[in-house]
Each structure stands twice: as structure tokens, then as C-alpha cells.
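Structure data follow from query.cif (mmCIF, C-alpha atoms and all ligand atoms):
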data_model
loop_
_atom_site.label_atom_id
_atom_site.label_comp_id
_atom_site.auth_asym_id
_atom_site.auth_seq_id
_atom_site.Cartn_x
_atom_site.Cartn_y
_atom_site.Cartn_z
CA MET A 1 116.78 142.57 190.42
CA PHE A 2 117.74 145.79 192.20
CA ARG A 3 118.90 144.11 195.38
CA ARG A 4 122.55 145.00 194.86
CA PHE A 5 121.60 148.67 195.23
CA TYR A 6 119.59 148.30 198.43
CA PRO A 7 121.01 150.05 201.49
CA ALA A 8 121.29 148.12 204.74
CA GLU A 9 119.68 151.07 206.53
CA MET A 10 118.05 154.36 205.63
CA ALA A 11 118.34 157.48 207.76
CA GLU A 12 116.96 160.99 207.64
CA SER A 13 120.47 162.48 207.71
CA SER A 14 124.10 161.72 208.59
CA TYR A 15 123.49 163.64 211.79
CA SER A 16 120.52 161.61 213.02
CA ILE A 17 122.15 158.15 213.06
CA ASP A 18 122.51 156.55 216.51
CA TYR A 19 126.30 156.20 216.40
CA GLU A 20 126.59 155.35 220.10
CA SER A 21 124.53 152.20 219.59
CA LEU A 22 126.51 151.25 216.50
CA TYR A 23 129.74 151.53 218.45
CA GLU A 24 128.28 149.31 221.14
CA GLN A 25 127.34 146.81 218.44
CA GLY A 26 131.03 146.59 217.54
CA TYR A 27 131.46 149.09 214.68
CA ARG A 28 134.72 151.05 214.78
CA GLY A 29 135.20 152.86 211.46
CA ILE A 30 132.93 155.08 209.36
CA ILE A 31 133.44 155.95 205.70
CA TYR A 32 131.62 159.11 204.63
CA ASP A 33 130.74 160.45 201.26
CA ILE A 34 131.04 164.28 201.43
CA ASP A 35 128.85 166.09 198.92
CA ASN A 36 125.20 166.16 199.90
CA THR A 37 125.92 163.64 202.67
CA LEU A 38 127.78 165.85 205.15
CA VAL A 39 127.38 169.28 203.52
CA GLU A 40 125.79 170.78 200.42
CA HIS A 41 127.54 170.00 197.18
CA GLY A 42 130.91 171.82 197.11
CA ALA A 43 130.54 173.40 200.56
CA ASP A 44 133.28 173.53 203.18
CA ALA A 45 133.13 171.73 206.50
CA ASN A 46 130.90 173.63 208.91
CA GLU A 47 130.28 173.59 212.66
CA GLN A 48 127.84 170.67 212.34
CA VAL A 49 130.49 168.50 210.65
CA ILE A 50 133.15 169.43 213.19
CA GLU A 51 130.77 168.73 216.05
CA LEU A 52 129.80 165.34 214.55
CA PHE A 53 133.43 164.29 214.03
CA ARG A 54 134.35 165.42 217.53
CA ARG A 55 131.48 163.35 218.90
CA LEU A 56 132.42 160.30 216.82
CA CYS A 57 136.03 160.39 217.95
CA LYS A 58 134.96 160.74 221.54
CA ILE A 59 132.87 157.59 221.08
CA GLY A 60 135.94 155.86 219.61
CA PHE A 61 135.32 155.85 215.85
CA ARG A 62 137.89 156.35 213.11
CA ILE A 63 136.65 158.27 210.09
CA CYS A 64 137.56 158.28 206.41
CA LEU A 65 136.14 160.61 203.75
CA LEU A 66 135.64 158.86 200.43
CA SER A 67 134.77 161.13 197.56
CA ASN A 68 134.60 160.81 193.80
CA ASN A 69 135.42 164.51 193.69
CA LYS A 70 138.86 165.89 192.84
CA ALA A 71 141.79 166.50 195.18
CA PRO A 72 141.43 170.27 195.77
CA ARG A 73 137.77 170.00 196.82
CA VAL A 74 138.31 167.02 199.09
CA ARG A 75 141.48 168.49 200.67
CA ARG A 76 139.70 171.78 201.34
CA PHE A 77 136.89 169.97 203.11
CA TYR A 78 139.33 167.78 205.03
CA ARG A 79 141.32 170.80 206.27
CA GLY A 80 138.15 172.46 207.50
CA ALA A 81 136.95 169.33 209.30
CA LYS A 82 140.25 168.17 210.79
CA ILE A 83 140.58 169.31 214.34
CA LYS A 84 142.99 168.26 217.05
CA GLY A 85 142.43 164.75 218.32
CA VAL A 86 140.12 163.70 215.48
CA LYS A 87 141.27 160.59 213.61
CA LEU A 88 140.31 161.64 210.10
CA HIS A 89 141.52 160.34 206.73
CA TYR A 90 140.51 161.16 203.16
CA ILE A 91 140.54 159.63 199.72
CA PHE A 92 139.69 161.69 196.62
CA ASP A 93 138.94 160.53 193.07
CA ALA A 94 137.59 157.35 194.64
CA HIS A 95 135.77 155.96 191.58
CA LYS A 96 132.88 154.64 193.63
CA PRO A 97 131.28 152.11 193.10
CA SER A 98 134.69 150.55 192.51
CA THR A 99 135.56 148.72 195.72
CA LYS A 100 139.26 149.48 195.62
CA ASN A 101 139.08 152.63 197.69
CA TYR A 102 136.55 151.28 200.18
CA ARG A 103 139.23 148.68 200.93
CA LYS A 104 141.89 151.37 201.11
CA ALA A 105 139.70 153.33 203.55
CA MET A 106 139.49 150.30 205.84
CA LEU A 107 143.22 149.86 205.57
CA VAL A 108 143.97 153.42 206.69
CA MET A 109 141.40 153.19 209.51
CA ARG A 110 142.69 149.74 210.43
CA THR A 111 139.16 148.31 210.41
CA THR A 112 137.55 145.35 208.66
CA LYS A 113 134.40 145.01 206.58
CA LYS A 114 132.69 143.56 209.65
CA ASN A 115 133.25 146.64 211.82
CA THR A 116 133.03 149.40 209.21
CA LEU A 117 130.02 151.48 208.19
CA PHE A 118 129.43 153.54 205.10
CA VAL A 119 127.24 156.65 204.98
CA GLY A 120 126.27 158.25 201.67
CA ASP A 121 123.42 159.84 199.73
CA GLN A 122 123.63 158.02 196.37
CA LEU A 123 122.54 154.49 195.53
CA PHE A 124 124.50 153.70 192.39
CA THR A 125 127.86 154.92 193.59
CA ASP A 126 127.92 155.08 197.41
CA VAL A 127 125.62 152.26 198.46
CA TYR A 128 126.35 149.94 195.56
CA GLY A 129 130.09 150.25 196.23
CA ALA A 130 129.65 149.61 199.95
CA ASN A 131 127.51 146.55 199.21
CA ARG A 132 130.11 145.22 196.81
CA ALA A 133 132.80 145.78 199.40
CA GLY A 134 130.68 143.92 201.99
CA ILE A 135 130.22 146.96 204.25
CA LYS A 136 127.01 147.92 206.04
CA SER A 137 125.60 150.95 204.25
CA PHE A 138 123.42 153.84 205.38
CA LEU A 139 121.55 155.80 202.72
CA VAL A 140 120.81 159.34 203.89
CA LYS A 141 118.58 161.95 202.28
CA PRO A 142 120.60 164.43 200.17
CA ILE A 143 121.16 167.70 202.04
CA ASN A 144 120.24 169.88 199.08
CA LYS A 145 117.34 168.80 196.91
CA LYS A 146 118.50 171.05 194.04
CA GLU A 147 121.17 169.15 192.15
CA GLU A 148 123.25 169.23 189.02
CA ILE A 149 121.67 167.95 185.83
CA GLN A 150 123.65 164.67 185.61
CA ILE A 151 122.57 163.84 189.17
CA VAL A 152 118.93 164.72 188.51
CA PHE A 153 118.73 161.89 185.99
CA LYS A 154 120.35 159.43 188.41
CA ARG A 155 117.90 160.49 191.10
CA ARG A 156 115.00 159.47 188.85
CA LEU A 157 116.46 156.00 188.52
CA GLU A 158 117.13 155.92 192.25
CA ARG A 159 113.50 156.72 192.93
CA ILE A 160 112.45 153.69 190.91
CA VAL A 161 114.83 151.40 192.84
CA LEU A 162 113.75 152.87 196.19
CA HIS A 163 110.11 152.47 195.26
CA VAL A 164 110.60 148.74 194.55
CA TYR A 165 112.74 148.42 197.70
CA ARG A 166 110.06 150.00 199.91
CA LYS A 167 107.34 147.91 198.30
CA GLU A 168 109.26 144.69 198.89
CA ARG A 169 109.91 145.65 202.50
CA MET A 170 106.25 146.49 203.01
CA GLU A 171 105.17 143.15 201.52
CA HIS A 172 107.57 141.40 203.86
CA LEU A 173 106.41 143.42 206.85
CA LYS A 174 102.75 142.64 206.14
CA GLN A 175 103.47 138.98 206.81
CA SER A 176 105.35 139.79 209.97
CA ASN A 177 105.21 142.00 213.11
CA ILE A 178 106.97 144.98 214.61
CA VAL A 179 108.27 144.32 218.12
CA LEU A 180 109.12 147.20 220.44
CA ILE A 181 111.67 146.65 223.18
CA GLY A 182 113.30 149.02 225.63
CA PHE A 183 113.46 150.18 229.22
CA MET A 184 110.43 151.13 231.30
CA GLY A 185 109.14 154.53 230.26
CA CYS A 186 110.58 154.52 226.73
CA GLY A 187 107.09 154.75 225.23
CA LYS A 188 106.55 151.25 223.82
CA SER A 189 102.78 151.40 224.32
CA THR A 190 102.22 154.97 223.13
CA ILE A 191 104.42 154.55 220.08
CA GLY A 192 103.05 151.06 219.49
CA HIS A 193 99.47 152.37 219.31
CA ARG A 194 100.46 155.02 216.77
CA LEU A 195 102.35 152.46 214.67
CA ALA A 196 99.35 150.15 214.76
CA GLU A 197 97.18 152.94 213.34
CA LYS A 198 99.76 153.78 210.70
CA TYR A 199 100.21 150.24 209.43
CA ASN A 200 96.68 149.07 210.13
CA PHE A 201 98.08 146.34 212.38
CA SER A 202 96.59 145.28 215.69
CA PHE A 203 98.32 146.26 218.92
CA VAL A 204 99.29 143.92 221.73
CA ASP A 205 101.14 144.54 224.94
CA THR A 206 102.75 141.51 226.59
CA ASP A 207 102.23 143.02 230.06
CA LEU A 208 98.49 143.32 229.40
CA LEU A 209 98.35 139.75 228.07
CA ILE A 210 100.02 138.57 231.27
CA GLU A 211 97.64 140.58 233.45
CA GLN A 212 94.64 139.10 231.62
CA LYS A 213 96.00 135.59 231.96
CA ALA A 214 96.94 136.00 235.62
CA GLY A 215 93.78 137.89 236.50
CA CYS A 216 95.71 140.51 238.47
CA THR A 217 98.09 143.41 237.95
CA ILE A 218 101.84 142.97 237.38
CA SER A 219 102.52 144.46 240.82
CA GLU A 220 100.19 141.94 242.46
CA LEU A 221 101.78 139.13 240.48
CA PHE A 222 105.27 140.14 241.63
CA ALA A 223 104.01 140.40 245.24
CA THR A 224 102.16 137.09 245.35
CA LYS A 225 104.10 134.79 243.00
CA GLY A 226 107.48 136.49 242.65
CA GLU A 227 109.53 137.72 239.70
CA LYS A 228 110.54 134.27 238.39
CA TYR A 229 106.88 133.33 237.93
CA PHE A 230 106.30 136.56 235.97
CA ARG A 231 109.39 135.93 233.79
CA ASP A 232 108.18 132.40 232.98
CA MET A 233 104.83 133.85 231.94
CA GLU A 234 106.65 136.31 229.68
CA THR A 235 108.42 133.46 227.88
CA ASP A 236 105.15 131.49 227.54
CA ILE A 237 103.45 134.53 226.01
CA LEU A 238 106.28 134.91 223.52
CA TRP A 239 105.96 131.30 222.40
CA GLU A 240 102.23 131.82 221.90
CA LEU A 241 102.84 134.96 219.86
CA VAL A 242 105.47 133.25 217.71
CA ARG A 243 102.93 130.55 216.92
CA LYS A 244 100.08 132.80 215.85
CA SER A 245 101.06 136.44 215.56
CA LYS A 246 100.99 138.32 212.26
CA ARG A 247 100.45 141.98 211.38
CA GLN A 248 100.79 143.03 214.98
CA ILE A 249 102.67 145.75 216.80
CA ILE A 250 103.96 144.05 219.92
CA ALA A 251 104.99 146.14 222.92
CA THR A 252 107.01 144.14 225.41
CA GLY A 253 107.83 144.49 229.11
CA GLY A 254 111.17 146.21 229.75
CA GLY A 255 112.81 143.03 231.05
CA MET A 256 111.64 140.77 228.23
CA PRO A 257 114.92 140.58 226.25
CA VAL A 258 117.02 139.72 229.30
CA ARG A 259 116.41 135.97 229.01
CA GLU A 260 118.45 134.49 226.21
CA GLU A 261 115.57 132.27 225.06
CA ASN A 262 113.38 135.37 224.70
CA GLN A 263 115.94 137.17 222.52
CA LYS A 264 115.64 134.52 219.82
CA LEU A 265 111.85 134.47 220.06
CA LEU A 266 111.62 138.25 219.78
CA ARG A 267 113.67 138.26 216.58
CA LYS A 268 111.59 135.40 215.23
CA LEU A 269 108.46 137.48 215.74
CA GLY A 270 109.45 140.25 213.35
CA VAL A 271 111.41 143.48 213.10
CA VAL A 272 112.67 144.31 216.58
CA VAL A 273 113.00 148.02 217.35
CA PHE A 274 114.83 149.21 220.45
CA LEU A 275 113.59 152.52 221.84
CA ASN A 276 116.71 153.91 223.47
CA LEU A 277 116.67 156.57 226.18
CA THR A 278 118.89 157.97 228.93
CA PRO A 279 118.38 157.27 232.66
CA GLU A 280 117.56 160.98 233.09
CA THR A 281 114.62 160.66 230.67
CA VAL A 282 113.42 157.50 232.45
CA LEU A 283 113.49 159.25 235.83
CA LYS A 284 111.66 162.27 234.46
CA ARG A 285 108.99 160.16 232.77
CA LEU A 286 108.44 157.76 235.66
CA GLU A 287 108.36 160.29 238.46
CA GLY A 288 105.65 159.23 240.91
CA ASP A 289 104.94 155.96 239.06
CA THR A 290 103.68 153.16 241.29
CA THR A 291 102.96 150.47 238.71
CA ARG A 292 106.52 149.17 238.18
CA PRO A 293 107.46 146.81 241.04
CA LEU A 294 111.16 147.00 240.17
CA LEU A 295 111.26 150.74 240.74
CA GLN A 296 109.50 151.13 244.08
CA LYS A 297 112.56 151.29 246.30
CA ALA A 298 113.91 154.50 247.81
CA THR A 299 117.01 153.92 245.69
CA LYS A 300 115.02 154.31 242.47
CA GLU A 301 117.62 156.47 240.74
CA GLN A 302 120.46 153.98 241.35
CA GLU A 303 118.13 151.15 240.33
CA VAL A 304 117.32 152.82 236.99
CA ARG A 305 120.98 153.59 236.25
CA HIS A 306 122.09 150.09 237.22
CA LEU A 307 119.39 148.21 235.31
CA LEU A 308 119.74 150.38 232.23
CA THR A 309 123.50 149.91 232.07
CA GLU A 310 123.08 146.20 232.57
CA ARG A 311 120.37 145.85 229.93
CA LYS A 312 121.45 148.30 227.24
CA PHE A 313 123.76 145.80 225.61
CA VAL A 314 121.05 143.13 225.62
CA TYR A 315 118.57 145.51 223.97
CA GLN A 316 121.11 146.43 221.33
CA MET A 317 122.04 142.85 220.57
CA THR A 318 118.40 141.81 220.28
CA ALA A 319 117.18 144.69 218.11
CA HIS A 320 117.33 145.01 214.35
CA LYS A 321 116.94 148.80 214.63
CA THR A 322 117.60 151.34 217.34
CA VAL A 323 115.83 154.66 217.66
CA ARG A 324 116.64 157.33 220.26
CA VAL A 325 113.54 158.72 221.91
CA ASP A 326 114.87 161.38 224.29
CA ASP A 327 113.40 164.81 223.50
CA LYS A 328 111.47 163.51 220.49
CA SER A 329 107.73 163.66 219.95
CA VAL A 330 105.74 160.47 219.37
CA GLU A 331 105.26 161.50 215.74
CA GLU A 332 108.98 162.00 215.24
CA VAL A 333 109.78 158.56 216.65
CA VAL A 334 107.04 156.90 214.59
CA LYS A 335 108.36 158.56 211.43
CA GLU A 336 111.90 157.47 212.20
CA ILE A 337 110.80 153.88 212.74
CA ALA A 338 108.70 153.87 209.57
CA ASP A 339 111.59 155.31 207.54
CA SER A 340 114.00 152.73 208.80
CA ILE A 341 112.02 149.51 208.46
C1 LIG A 401 109.66 145.38 233.78
C2 LIG A 401 109.00 146.29 232.98
C3 LIG A 401 107.54 146.44 232.99
C4 LIG A 401 106.89 145.16 233.44
C5 LIG A 401 107.45 144.69 234.74
C6 LIG A 401 108.95 144.43 234.66
C7 LIG A 401 111.14 145.29 233.70
O1 LIG A 401 107.08 146.79 231.69
O2 LIG A 401 107.03 144.15 232.48
O3 LIG A 401 107.18 145.67 235.70
O4 LIG A 401 111.73 144.32 234.15
O5 LIG A 401 111.75 146.24 233.13
P1 LIG A 401 107.25 148.27 231.02
O6 LIG A 401 108.60 148.29 230.37
O7 LIG A 401 106.17 148.33 230.00
O8 LIG A 401 107.13 149.27 232.07
#

Re-express the file's structure as C-alpha cells.
Amino acid sequence: MFRRFYPAEMAESSYSIDYESLYEQGYRGIIYDIDNTLVEHGADANEQVIELFRRLCKIGFRICLLSNNKAPRVRRFYRGAKIKGVKLHYIFDAHKPSTKNYRKAMLVMRTTKKNTLFVGDQLFTDVYGANRAGIKSFLVKPINKKEEIQIVFKRRLERIVLHVYRKERMEHLKQSNIVLIGFMGCGKSTIGHRLAEKYNFSFVDTDLLIEQKAGCTISELFATKGEKYFRDMETDILWELVRKSKRQIIATGGGMPVREENQKLLRKLGVVVFLNLTPETVLKRLEGDTTRPLLQKATKEQEVRHLLTERKFVYQMTAHKTVRVDDKSVEEVVKEIADSI
């Protein structure tokens, strides 16, 4: 019943979205609501906005502000946010959820509904409009919880829709699994254990399943049978999990999504979450590690950089959701995953 109001994604804030990954997935334009999405209602552009827009343009995004507010307010914000080199457009009096100005925004950014994102804090205007226009929408938490009276009423209705939305997602998830993918050292096992506790799911680790089956460690398996043998075992394990797995948090080996066959199986298993991290974080976390056969050479640093560059795209294409883990605590990552699935 409420489906038309459901966001494609939910995020803590406009500033916590993993824009780099979205660009790599092919998105090129972002439409932003202003009030309570980028700044407090009525506020001017601040350093955080300028920094975000600078970052987005450096990545390669075009940006369009789309506000239902009047010209003077939107122009004032635009002037404060527009800095040299930033490709920024604005549309005021947008009449969201009417789709007309979403289309106009894509026209000025020269993007299409396939490669455009929308970020806003309201369901019945922002998200509904984006859905009607066929654009992927992000619902963010309003910056200021204290709002004008006409919005307070809408927020009550929003809460009802979001409650049903979360309940439906939870019901769906209970019949499925959460699959964690990502490079060695990204924390799939640690985060997986915490998620298992949170959702009351069981935890499995494909590397451990392989070790049990093979009766030896991964390093021994690589040394005695070779990498191909290990990769075949990974695919076998995935088939087994697809057949019987339900209500499980599944941590996978870092190379699991590389095989094309595995990518489909992983997505079949449930919601796939990519834990994204930089090579610097990998090197810091895996200093002195002797359990990963692929990283035992003297050229470990080059190996990490090379493999990560090669695999990043594969991780992104396989995952339903991406979460950055650098400099975040386990609890922060778990919360971000839970909020987004
Ligand atoms: C590998 C990652 C390891 C393990 C094996 C190969 C890889 O798992 O499956 O050493 O190719 O990245 P972790 O990601 O859990 O370290």
C-alpha cells in the first residue's frame, strides 16, 4: 500500500553516503533537497556543504539542488555553496512530488534516470517524487529534529510508513541471509558475529567451512592442492549454502566474488553487503599476519594495492549495499548495516 513512498536506500545523513562507490556503480548526477537534508531549515551553505560538493565534483558528479522553497532562499544557499570548479545547478519552487522538475534537473545535469540519485529527508515530497520519476532515492535523517508545525504532522504519517517499511523488510530478511563480502582484513568475521547476535541469526564463515571439509588450514590447502582447488571448494560451498541456508550471517573469503558464477550465487543467498576499505587500512590491520597465503610475499604492499584495485569493481557490482569501514568501530558499522537493510 505504501510502497510508492519507500526509499531505495536509507542513510544516517547526506554526508555519510558512500559516493565513491556510487560513482563506480555508474551514477553521475545527484539531486539534493536543501532544507534539513544538507543544512538546518533556512540555513546558509556551510563548510560541510562546500566540502561535500568539492568532494563530489572531484569524484566526477554533477549536482542539482531541488527545493520546494522560494527563489530568494534557494539562491542564497546556492551562492554560498557555489565555489570555483563545482558543477552546481538549482531549481526553486519545485513542487515536489511533481516529477517535472526532477526531469528538468536531469536535463541541466545532462544525466538520465538510470545514472541519477536523489537525496532528501522527506518521504511524501522528496522520495515519492524521485520514485515517480524513476530515480534511485536516498532518505536521510532530518538534520534538525525540531520542525515547523505543518511538517510535524507529516512526520507522524512518515513514521507510520517507515514502520511498515521496516517491518516488511525485516519479514523478508528473516527468510533470507546477510552475506558479507570484501577484501581480507575488512572485518567480515568480527562484524558478522555481531550481526548474528543482533538478528538472532547463526553465523557461518565460508573459510571455516572449507577448512572443516578439507581437514586442514587454508594455507595448507593452498600449499598442497593449489589455489584452483580452493576456489572450486568455495563455489561448492556456495551451492550448498544456496540450497539450505536461511537466517544466517555468511562471512565469505575475500576472493569469493571474483568468479562470475559465485557472484550470482552470493546475490541469491540474500542481502550482499560489501565492507569497503582502503589499502592503507588493510596493511595496518594485517601487519604480521601469516594466515593469508596470498599476502606472504615480500611485495605484500604492492600485492594488496593490486588485488584491491582489481577486485573493488567486482565487490561493488556484486553487493546490494556498500559500507565503508575505515576508522569506524564495529558497533558503528553494524548500525550502518542494520539501518540500510
Ligand atoms: C582470500 C581471502 C581469505 C581466504 C583465502 C583467500 C582472498 O579470506 O579465503 O586466503 O583471495 O582474498 P579472508 O578475506 O577472510 O581473509

One decimal place gives the CA of Phe53 (chain A)-CA of Met10 (chain A) separation as 20.1 Å

(request) Just the residues within 9 Å of Ile17 (chain A), please, counting all atoms listed in the file, with nothing from its chain fewer than 4 positions along; format it as JSON, numbers by chain. (result) {"A": [11, 12, 13, 22, 138, 323]}

Writing out the chosen residues with C-alpha atoms as an mmCIF file, keeping the file's coordinate frame:
data_model
loop_
_atom_site.group_PDB
_atom_site.id
_atom_site.type_symbol
_atom_site.label_atom_id
_atom_site.label_comp_id
_atom_site.auth_asym_id
_atom_site.auth_seq_id
_atom_site.Cartn_x
_atom_site.Cartn_y
_atom_site.Cartn_z
ATOM 1 C CA ALA A 11 118.340 157.480 207.760
ATOM 2 C CA GLU A 12 116.960 160.990 207.640
ATOM 3 C CA SER A 13 120.470 162.480 207.710
ATOM 4 C CA LEU A 22 126.510 151.250 216.500
ATOM 5 C CA PHE A 138 123.420 153.840 205.380
ATOM 6 C CA VAL A 323 115.830 154.660 217.660
#

Residues within 6 Å of ligand LIG 401 (chain A) should be enumerated using all atoms listed in the file and returned as number ranges by chain.
A: 183-185, 207, 253-255, 292-293

Among A:Ile337, A:Leu269, A:Val314, A:Val304, Gln175 (chain A) is approached most closely, using all atoms listed in the file, by A:Leu269

| Residues near region 27-40 of chain A, cut-off 9 Å, only C-alpha atoms, skip fewer than 6 positions along chain, as number ranges by chain | A: 13-15, 19, 46, 48-49, 60-69, 74, 77, 102, 105-106, 109-112, 114-122, 126, 139-145

Considering only C-alpha atoms, can you say which of A:Ile218, A:Val282, A:Ile149, A:Val330 comes closest to Leu307 (chain A)?
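Answer, going by the shortest atom-to-atom distance: A:Val282.
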
Go through A:Cys57, A:Cys186, A:Ala43, A:Ala319 one by one, measure the shortest atom-to-atom distance of each to Leu286 (chain A) using all atoms listed in the file, and give the residue with the smallest value.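 Nearest to Leu286 (chain A): A:Cys186.
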
From the list A:Thr291, A:Asn276, A:Gln302, A:Asn101, the nearest residue to Thr217 (chain A) using all atoms listed in the file is A:Thr291

(message) Using only C-alpha atoms, can you tell me which of A:Gly85, A:Pro257, A:Gly187, A:Gly270 comes closest to Val334 (chain A)?
(response)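 Of the candidates, the smallest distance to Val334 (chain A) is held by A:Gly187.
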
message: Counting only C-alpha atoms, which residue out of A:Pro7, A:Gly129, A:Gly192, A:Gly226 sits closest to Arg169 (chain A)?
response: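 Of all the options, A:Pro7 lies closest to Arg169 (chain A).
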
As a check of understanding: the span from CA of Gly182 (chain A) to CA of Asp326 (chain A) is 12.5 Å

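Here the selection is built from all atoms listed in the file, and the residues within 7 Å of (136.2, 170.9, 207.6) turn out to be Asp44, Ala45, Asn46, Val49, Ile50, Phe77, Tyr78, Arg79, Gly80, Ala81 and Lys82 of chain A.
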
Note to self: The residues within 12 Å of (113.5, 135.4, 220.1), using all atoms listed in the file and the coordinates of the file, should be reported as a PyMOL selection string; which are they?
What the structure shows: chain A and resi 179+181+234-242+256-272+315+317-320

Item to complete: Using CA of Arg194 (chain A) and CA of Lys312 (chain A) as the two end points, give the distance in Å to one decimal.
Response: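 Atom-to-atom, CA of Arg194 (chain A) to CA of Lys312 (chain A), that is 24.4 Å.
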
Q.
Just want the 12 Å neighbourhood of Ala214 (chain A), counted on all atoms listed in the file, with same-chain residues fewer than 3 positions away dropped. Output as a list in words.
A. Asp207, Leu208, Leu209, Ile210, Glu211, Thr217, Ile218, Ser219, Glu220, Leu221, Phe222, Thr224, Lys225, Tyr229, Phe230, Met233, Glu234 and Ile237 of chain A
